[in-house]
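A quick write-up on the structure given underneath.
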Amino acid sequence: MAILLSTKAATMEDWRDALLAVDPSLDIRLFPDVGDPAGIEAAVCWTQHDMAELRRYPNLKLIVSMGAGVDHLLRPPGPPPGIPVARLKDTRLTQGMAEWVLLNVLRFHRQDLEYREQQAARVWNELPAPDTHKRRVGILGLGELGGASARLLRMLEFPVMGWTRNPRSLDGVETFHGAAGLDAMLAKTDILVCLLPLTPDTRGVINARTLALLPKGAFLINAARGGHVVADDLLAALDSGHIAGAALDVFEPEPLPADHRFWTHPKVLVWPHAASITIPSSAAPQVVENLQRAREGRPLINLVDFSAGY
């Protein structure tokens, strides 16, 4: 029985080699060279793979998403009914995201946008020193990625808050939950970080109303999904000066269209969905473990909860 591997062409061979390094006996087929569809027992795939295509494989036992997010797998028509879906919880993926969040919190906190503007104008001007203890960071989502980012920021003694749908606690972090908790946290947040899963309940959560709740001069960092942000509302808040800057790694649609205002807006920093990229050699062992568990009928790890959407 074989594994179907489907991801970006540039990393396809890296993933194959990483999986074979864990288990040299694996039969790995690189999409679209599938061979006999009846021989496919697992599909390891990323955002570009069509879920309808996976219905071709009568003996499919497992689908693995090559990242922490799985909303791309849940879009209609969704995965084949009854097939378990697992996502990755990888330490290096988590660390990479926490690093990217810290990078941009520090860029905004240490007035990097202002100093780069002064550099372009050849202006030598010292700005008032920022106070870390007064720069309040609010994180939407305290799962694997949000929790790691919160802990890293706390190491630098930023006051960190976190919001989740249901009550959750994290040492050193002031936590909020539910609709009322979201509004309360936003009102106290100087830098807002979005690391939520994208679900029907969280789509568009960053909009004109929620942006207006942030203090004037607040910043936004989004590395979750583009669908969390109402782009026109964010642009309006940036143009008005209510939001002082935004670091955006994710967009809707992707790639970001060449004529989109985010590319040229002086207060926006753009990344091409690259805040934290899965490293195959780090993630491959858990993929192989789940495959072995599926073959042996044992419980799978990191399963997606379809009722919650992540």
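Chain labels run A, B, ... following the order of the structure tokens; each chain numbers its residues from 1, and ligands are numbered from 1 in the order shown.
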Strand (DSSP E or B) positions in region 43-99 of chain A, given as a VMD selection string
chain A and resid 43 to 45 62 to 65 85 to 86
Polymer residues at most 7 Å from region 86-99 of chain A, only C-alpha atoms, same-chain spacing of 2 or more positions, as a PDB file with all heavy atoms, in the first residue's frame:
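File produced: out31.pdb:
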ATOM      1  N   ILE A  63      -5.881  11.015   5.953  1.00  0.00           N
ATOM      2  CA  ILE A  63      -5.456  12.239   5.270  1.00  0.00           C
ATOM      3  C   ILE A  63      -4.669  13.064   6.276  1.00  0.00           C
ATOM      4  O   ILE A  63      -5.106  13.250   7.414  1.00  0.00           O
ATOM      5  CB  ILE A  63      -6.657  13.053   4.749  1.00  0.00           C
ATOM      6  CG1 ILE A  63      -7.471  12.225   3.746  1.00  0.00           C
ATOM      7  CG2 ILE A  63      -6.197  14.360   4.115  1.00  0.00           C
ATOM      8  CD1 ILE A  63      -8.802  12.860   3.381  1.00  0.00           C
ATOM      9  N   VAL A  64      -3.505  13.558   5.857  1.00  0.00           N
ATOM     10  CA  VAL A  64      -2.669  14.387   6.721  1.00  0.00           C
ATOM     11  C   VAL A  64      -2.473  15.741   6.061  1.00  0.00           C
ATOM     12  O   VAL A  64      -2.042  15.822   4.898  1.00  0.00           O
ATOM     13  CB  VAL A  64      -1.295  13.734   6.984  1.00  0.00           C
ATOM     14  CG1 VAL A  64      -0.441  14.635   7.869  1.00  0.00           C
ATOM     15  CG2 VAL A  64      -1.461  12.366   7.629  1.00  0.00           C
ATOM     16  N   SER A  65      -2.777  16.806   6.791  1.00  0.00           N
ATOM     17  CA  SER A  65      -2.499  18.166   6.317  1.00  0.00           C
ATOM     18  C   SER A  65      -1.067  18.524   6.650  1.00  0.00           C
ATOM     19  O   SER A  65      -0.589  18.280   7.761  1.00  0.00           O
ATOM     20  CB  SER A  65      -3.445  19.161   6.989  1.00  0.00           C
ATOM     21  OG  SER A  65      -3.048  20.490   6.709  1.00  0.00           O
ATOM     22  N   MET A  66      -0.352  19.128   5.696  1.00  0.00           N
ATOM     23  CA  MET A  66       1.057  19.473   5.883  1.00  0.00           C
ATOM     24  C   MET A  66       1.260  20.763   6.654  1.00  0.00           C
ATOM     25  O   MET A  66       2.266  21.443   6.483  1.00  0.00           O
ATOM     26  CB  MET A  66       1.750  19.591   4.525  1.00  0.00           C
ATOM     27  CG  MET A  66       1.917  18.280   3.802  1.00  0.00           C
ATOM     28  SD  MET A  66       2.571  18.594   2.164  1.00  0.00           S
ATOM     29  CE  MET A  66       3.161  16.975   1.719  1.00  0.00           C
ATOM     30  N   GLY A  67       0.338  21.128   7.496  1.00  0.00           N
ATOM     31  CA  GLY A  67       0.469  22.336   8.296  1.00  0.00           C
ATOM     32  C   GLY A  67      -0.438  22.257   9.503  1.00  0.00           C
ATOM     33  O   GLY A  67      -1.142  21.266   9.724  1.00  0.00           O
ATOM     34  N   ALA A  68      -0.431  23.344  10.282  1.00  0.00           N
ATOM     35  CA  ALA A  68      -1.270  23.382  11.482  1.00  0.00           C
ATOM     36  C   ALA A  68      -2.728  23.671  11.127  1.00  0.00           C
ATOM     37  O   ALA A  68      -3.646  23.196  11.795  1.00  0.00           O
ATOM     38  CB  ALA A  68      -0.743  24.444  12.443  1.00  0.00           C
ATOM     39  N   VAL A  70      -6.232  23.595   8.865  1.00  0.00           N
ATOM     40  CA  VAL A  70      -6.908  22.575   8.058  1.00  0.00           C
ATOM     41  C   VAL A  70      -8.142  23.118   7.347  1.00  0.00           C
ATOM     42  O   VAL A  70      -8.897  22.348   6.749  1.00  0.00           O
ATOM     43  CB  VAL A  70      -7.316  21.361   8.930  1.00  0.00           C
ATOM     44  CG1 VAL A  70      -6.091  20.663   9.483  1.00  0.00           C
ATOM     45  CG2 VAL A  70      -8.258  21.775  10.048  1.00  0.00           C
ATOM     46  N   PRO A  84     -10.431   9.729   8.495  1.00  0.00           N
ATOM     47  CA  PRO A  84      -9.875  10.637   9.501  1.00  0.00           C
ATOM     48  C   PRO A  84      -8.859  11.597   8.895  1.00  0.00           C
ATOM     49  O   PRO A  84      -8.123  11.247   7.965  1.00  0.00           O
ATOM     50  CB  PRO A  84      -9.211   9.694  10.506  1.00  0.00           C
ATOM     51  CG  PRO A  84      -8.958   8.435   9.748  1.00  0.00           C
ATOM     52  CD  PRO A  84     -10.051   8.336   8.726  1.00  0.00           C
ATOM     53  N   VAL A 101       5.983  36.181  15.033  1.00  0.00           N
ATOM     54  CA  VAL A 101       5.162  37.076  15.853  1.00  0.00           C
ATOM     55  C   VAL A 101       6.059  38.022  16.642  1.00  0.00           C
ATOM     56  O   VAL A 101       5.827  39.243  16.674  1.00  0.00           O
ATOM     57  CB  VAL A 101       4.250  36.266  16.791  1.00  0.00           C
ATOM     58  CG1 VAL A 101       3.605  37.179  17.836  1.00  0.00           C
ATOM     59  CG2 VAL A 101       3.171  35.538  15.986  1.00  0.00           C
ATOM     60  N   LEU A 102       7.097  37.488  17.278  1.00  0.00           N
ATOM     61  CA  LEU A 102       8.012  38.329  18.053  1.00  0.00           C
ATOM     62  C   LEU A 102       8.699  39.365  17.164  1.00  0.00           C
ATOM     63  O   LEU A 102       8.826  40.537  17.547  1.00  0.00           O
ATOM     64  CB  LEU A 102       9.058  37.462  18.741  1.00  0.00           C
ATOM     65  CG  LEU A 102      10.146  38.206  19.524  1.00  0.00           C
ATOM     66  CD1 LEU A 102       9.531  39.021  20.657  1.00  0.00           C
ATOM     67  CD2 LEU A 102      11.184  37.230  20.064  1.00  0.00           C
ATOM     68  N   LEU A 103       9.126  38.940  15.983  1.00  0.00           N
ATOM     69  CA  LEU A 103       9.763  39.868  15.039  1.00  0.00           C
ATOM     70  C   LEU A 103       8.887  41.085  14.802  1.00  0.00           C
ATOM     71  O   LEU A 103       9.352  42.235  14.867  1.00  0.00           O
ATOM     72  CB  LEU A 103      10.027  39.146  13.715  1.00  0.00           C
ATOM     73  CG  LEU A 103      10.378  40.030  12.505  1.00  0.00           C
ATOM     74  CD1 LEU A 103      11.764  40.648  12.665  1.00  0.00           C
ATOM     75  CD2 LEU A 103      10.299  39.227  11.207  1.00  0.00           C
ATOM     76  N   GLU A 144      -1.699  25.799  20.097  1.00  0.00           N
ATOM     77  CA  GLU A 144      -0.271  25.479  19.987  1.00  0.00           C
ATOM     78  C   GLU A 144       0.539  26.711  19.600  1.00  0.00           C
ATOM     79  O   GLU A 144       1.548  27.034  20.224  1.00  0.00           O
ATOM     80  CB  GLU A 144      -0.087  24.376  18.941  1.00  0.00           C
ATOM     81  CG  GLU A 144       1.311  23.812  18.874  1.00  0.00           C
ATOM     82  CD  GLU A 144       1.595  22.784  19.949  1.00  0.00           C
ATOM     83  OE1 GLU A 144       0.641  22.358  20.643  1.00  0.00           O
ATOM     84  OE2 GLU A 144       2.766  22.402  20.096  1.00  0.00           O
ATOM     85  N   LEU A 145       0.101  27.431  18.568  1.00  0.00           N
ATOM     86  CA  LEU A 145       0.859  28.577  18.066  1.00  0.00           C
ATOM     87  C   LEU A 145       0.694  29.805  18.952  1.00  0.00           C
ATOM     88  O   LEU A 145       1.665  30.497  19.265  1.00  0.00           O
ATOM     89  CB  LEU A 145       0.426  28.895  16.634  1.00  0.00           C
ATOM     90  CG  LEU A 145       0.564  27.751  15.627  1.00  0.00           C
ATOM     91  CD1 LEU A 145       0.087  28.199  14.247  1.00  0.00           C
ATOM     92  CD2 LEU A 145       2.003  27.255  15.546  1.00  0.00           C
ATOM     93  N   ALA A 148       2.581  29.370  22.341  1.00  0.00           N
ATOM     94  CA  ALA A 148       4.032  29.519  22.208  1.00  0.00           C
ATOM     95  C   ALA A 148       4.418  30.981  22.017  1.00  0.00           C
ATOM     96  O   ALA A 148       5.404  31.460  22.581  1.00  0.00           O
ATOM     97  CB  ALA A 148       4.536  28.676  21.038  1.00  0.00           C
ATOM     98  N   SER A 149       3.636  31.709  21.227  1.00  0.00           N
ATOM     99  CA  SER A 149       3.921  33.131  21.007  1.00  0.00           C
ATOM    100  C   SER A 149       3.760  33.916  22.298  1.00  0.00           C
ATOM    101  O   SER A 149       4.571  34.798  22.612  1.00  0.00           O
ATOM    102  CB  SER A 149       2.986  33.686  19.929  1.00  0.00           C
ATOM    103  OG  SER A 149       3.192  33.020  18.696  1.00  0.00           O
ATOM    104  N   LEU A 152       6.783  33.325  24.593  1.00  0.00           N
ATOM    105  CA  LEU A 152       7.985  34.015  24.134  1.00  0.00           C
ATOM    106  C   LEU A 152       7.914  35.506  24.442  1.00  0.00           C
ATOM    107  O   LEU A 152       8.902  36.118  24.893  1.00  0.00           O
ATOM    108  CB  LEU A 152       8.171  33.788  22.623  1.00  0.00           C
ATOM    109  CG  LEU A 152       9.470  34.292  22.002  1.00  0.00           C
ATOM    110  CD1 LEU A 152      10.693  33.687  22.679  1.00  0.00           C
ATOM    111  CD2 LEU A 152       9.495  33.991  20.507  1.00  0.00           C
ATOM    112  N   ALA A 275       5.224  32.956   7.186  1.00  0.00           N
ATOM    113  CA  ALA A 275       5.607  33.211   8.579  1.00  0.00           C
ATOM    114  C   ALA A 275       6.254  31.996   9.211  1.00  0.00           C
ATOM    115  O   ALA A 275       7.251  32.109   9.934  1.00  0.00           O
ATOM    116  CB  ALA A 275       4.380  33.636   9.387  1.00  0.00           C
ATOM    117  N   SER A 276       5.691  30.824   8.962  1.00  0.00           N
ATOM    118  CA  SER A 276       6.275  29.590   9.487  1.00  0.00           C
ATOM    119  C   SER A 276       5.971  28.469   8.505  1.00  0.00           C
ATOM    120  O   SER A 276       4.805  28.097   8.331  1.00  0.00           O
ATOM    121  CB  SER A 276       5.719  29.255  10.866  1.00  0.00           C
ATOM    122  OG  SER A 276       6.414  28.162  11.427  1.00  0.00           O
ATOM    123  N   ILE A 277       7.001  27.968   7.878  1.00  0.00           N
ATOM    124  CA  ILE A 277       6.854  26.938   6.851  1.00  0.00           C
ATOM    125  C   ILE A 277       7.251  25.588   7.444  1.00  0.00           C
ATOM    126  O   ILE A 277       8.282  25.466   8.105  1.00  0.00           O
ATOM    127  CB  ILE A 277       7.741  27.273   5.636  1.00  0.00           C
ATOM    128  CG1 ILE A 277       7.321  28.627   5.048  1.00  0.00           C
ATOM    129  CG2 ILE A 277       7.645  26.179   4.580  1.00  0.00           C
ATOM    130  CD1 ILE A 277       8.262  29.157   3.989  1.00  0.00           C
ATOM    131  N   THR A 278       6.436  24.581   7.209  1.00  0.00           N
ATOM    132  CA  THR A 278       6.723  23.253   7.736  1.00  0.00           C
ATOM    133  C   THR A 278       8.034  22.722   7.173  1.00  0.00           C
ATOM    134  O   THR A 278       8.271  22.773   5.960  1.00  0.00           O
ATOM    135  CB  THR A 278       5.590  22.279   7.387  1.00  0.00           C
ATOM    136  OG1 THR A 278       4.356  22.807   7.858  1.00  0.00           O
ATOM    137  CG2 THR A 278       5.835  20.921   8.024  1.00  0.00           C
ATOM    138  N   SER A 282      11.483  17.611  10.097  1.00  0.00           N
ATOM    139  CA  SER A 282      10.979  17.709  11.462  1.00  0.00           C
ATOM    140  C   SER A 282       9.593  17.086  11.598  1.00  0.00           C
ATOM    141  O   SER A 282       9.282  16.463  12.618  1.00  0.00           O
ATOM    142  CB  SER A 282      10.940  19.173  11.900  1.00  0.00           C
ATOM    143  OG  SER A 282      10.440  19.306  13.208  1.00  0.00           O
ATOM    144  N   ALA A 283       8.766  17.253  10.573  1.00  0.00           N
ATOM    145  CA  ALA A 283       7.379  16.804  10.655  1.00  0.00           C
ATOM    146  C   ALA A 283       7.168  15.365  10.221  1.00  0.00           C
ATOM    147  O   ALA A 283       6.178  14.731  10.608  1.00  0.00           O
ATOM    148  CB  ALA A 283       6.497  17.718   9.802  1.00  0.00           C
ATOM    149  N   ASN A 302      -3.284  13.935  16.799  1.00  0.00           N
ATOM    150  CA  ASN A 302      -3.534  15.240  16.176  1.00  0.00           C
ATOM    151  C   ASN A 302      -4.710  15.212  15.195  1.00  0.00           C
ATOM    152  O   ASN A 302      -4.662  15.846  14.133  1.00  0.00           O
ATOM    153  CB  ASN A 302      -2.262  15.744  15.471  1.00  0.00           C
ATOM    154  CG  ASN A 302      -1.090  15.857  16.412  1.00  0.00           C
ATOM    155  OD1 ASN A 302      -1.252  16.129  17.594  1.00  0.00           O
ATOM    156  ND2 ASN A 302       0.116  15.641  15.896  1.00  0.00           N
ATOM    157  N   LEU A 303      -5.757  14.493  15.557  1.00  0.00           N
ATOM    158  CA  LEU A 303      -6.926  14.414  14.688  1.00  0.00           C
ATOM    159  C   LEU A 303      -7.676  15.744  14.670  1.00  0.00           C
ATOM    160  O   LEU A 303      -7.753  16.460  15.673  1.00  0.00           O
ATOM    161  CB  LEU A 303      -7.858  13.315  15.161  1.00  0.00           C
ATOM    162  CG  LEU A 303      -7.496  11.883  14.751  1.00  0.00           C
ATOM    163  CD1 LEU A 303      -8.505  10.909  15.348  1.00  0.00           C
ATOM    164  CD2 LEU A 303      -7.442  11.745  13.241  1.00  0.00           C
ATOM    165  N   VAL A 304      -8.264  16.050  13.523  1.00  0.00           N
ATOM    166  CA  VAL A 304      -9.089  17.237  13.376  1.00  0.00           C
ATOM    167  C   VAL A 304     -10.473  16.961  13.948  1.00  0.00           C
ATOM    168  O   VAL A 304     -11.073  15.907  13.715  1.00  0.00           O
ATOM    169  CB  VAL A 304      -9.201  17.622  11.887  1.00  0.00           C
ATOM    170  CG1 VAL A 304     -10.196  18.778  11.709  1.00  0.00           C
ATOM    171  CG2 VAL A 304      -7.844  17.980  11.322  1.00  0.00           C
TER     172      VAL A 304
END
For Pro266 (chain A), please output as a list in words all residues within 10 Å (counting only C-alpha atoms; exclusion window: fewer than 2 positions along the same chain).
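Once the nearby chain positions are removed, what remains is Leu113, Glu117, Leu238, Asp239, Gly245, Ala246, Arg261, Phe262, Trp263, Thr264, Val268 and Leu269 of chain A.
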For each of A:Pro32, A:Gly297, A:Pro197, A:Pro37, take the minimum atom-to-atom distance to Ala224 (chain A), counting only C-alpha atoms, then give the residue where this is smallest.
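Closest candidate: A:Pro197.
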Polymer residues at most 12 Å from Leu256 (chain A), only C-alpha atoms, same-chain spacing of 3 or more positions, as a PyMOL selection string
chain A and resi 226+231+248-253+259-264+270-273
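Put simply, CA of Ser6 (chain A) is 25.2 Å away from CA of Leu196 (chain A).
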Across A:Ala274, A:Leu235, A:Ala120, A:Ile191, the smallest distance to Glu254 (chain A), with only C-alpha atoms counted, is shown by A:Ala274
Nearest-residue call for His133 (chain A), choices A:Leu153, A:Leu186, A:Val44, A:Ala2, using only C-alpha atoms
A:Leu153
Pull the alpha helix (DSSP H) assignments for region 48-275 of chain A out of DSSP run on the backbone, and list those residues as a ChimeraX atom specification.
/A:71-74,91-109,112-120,144-155,178-186,208-213,231-240
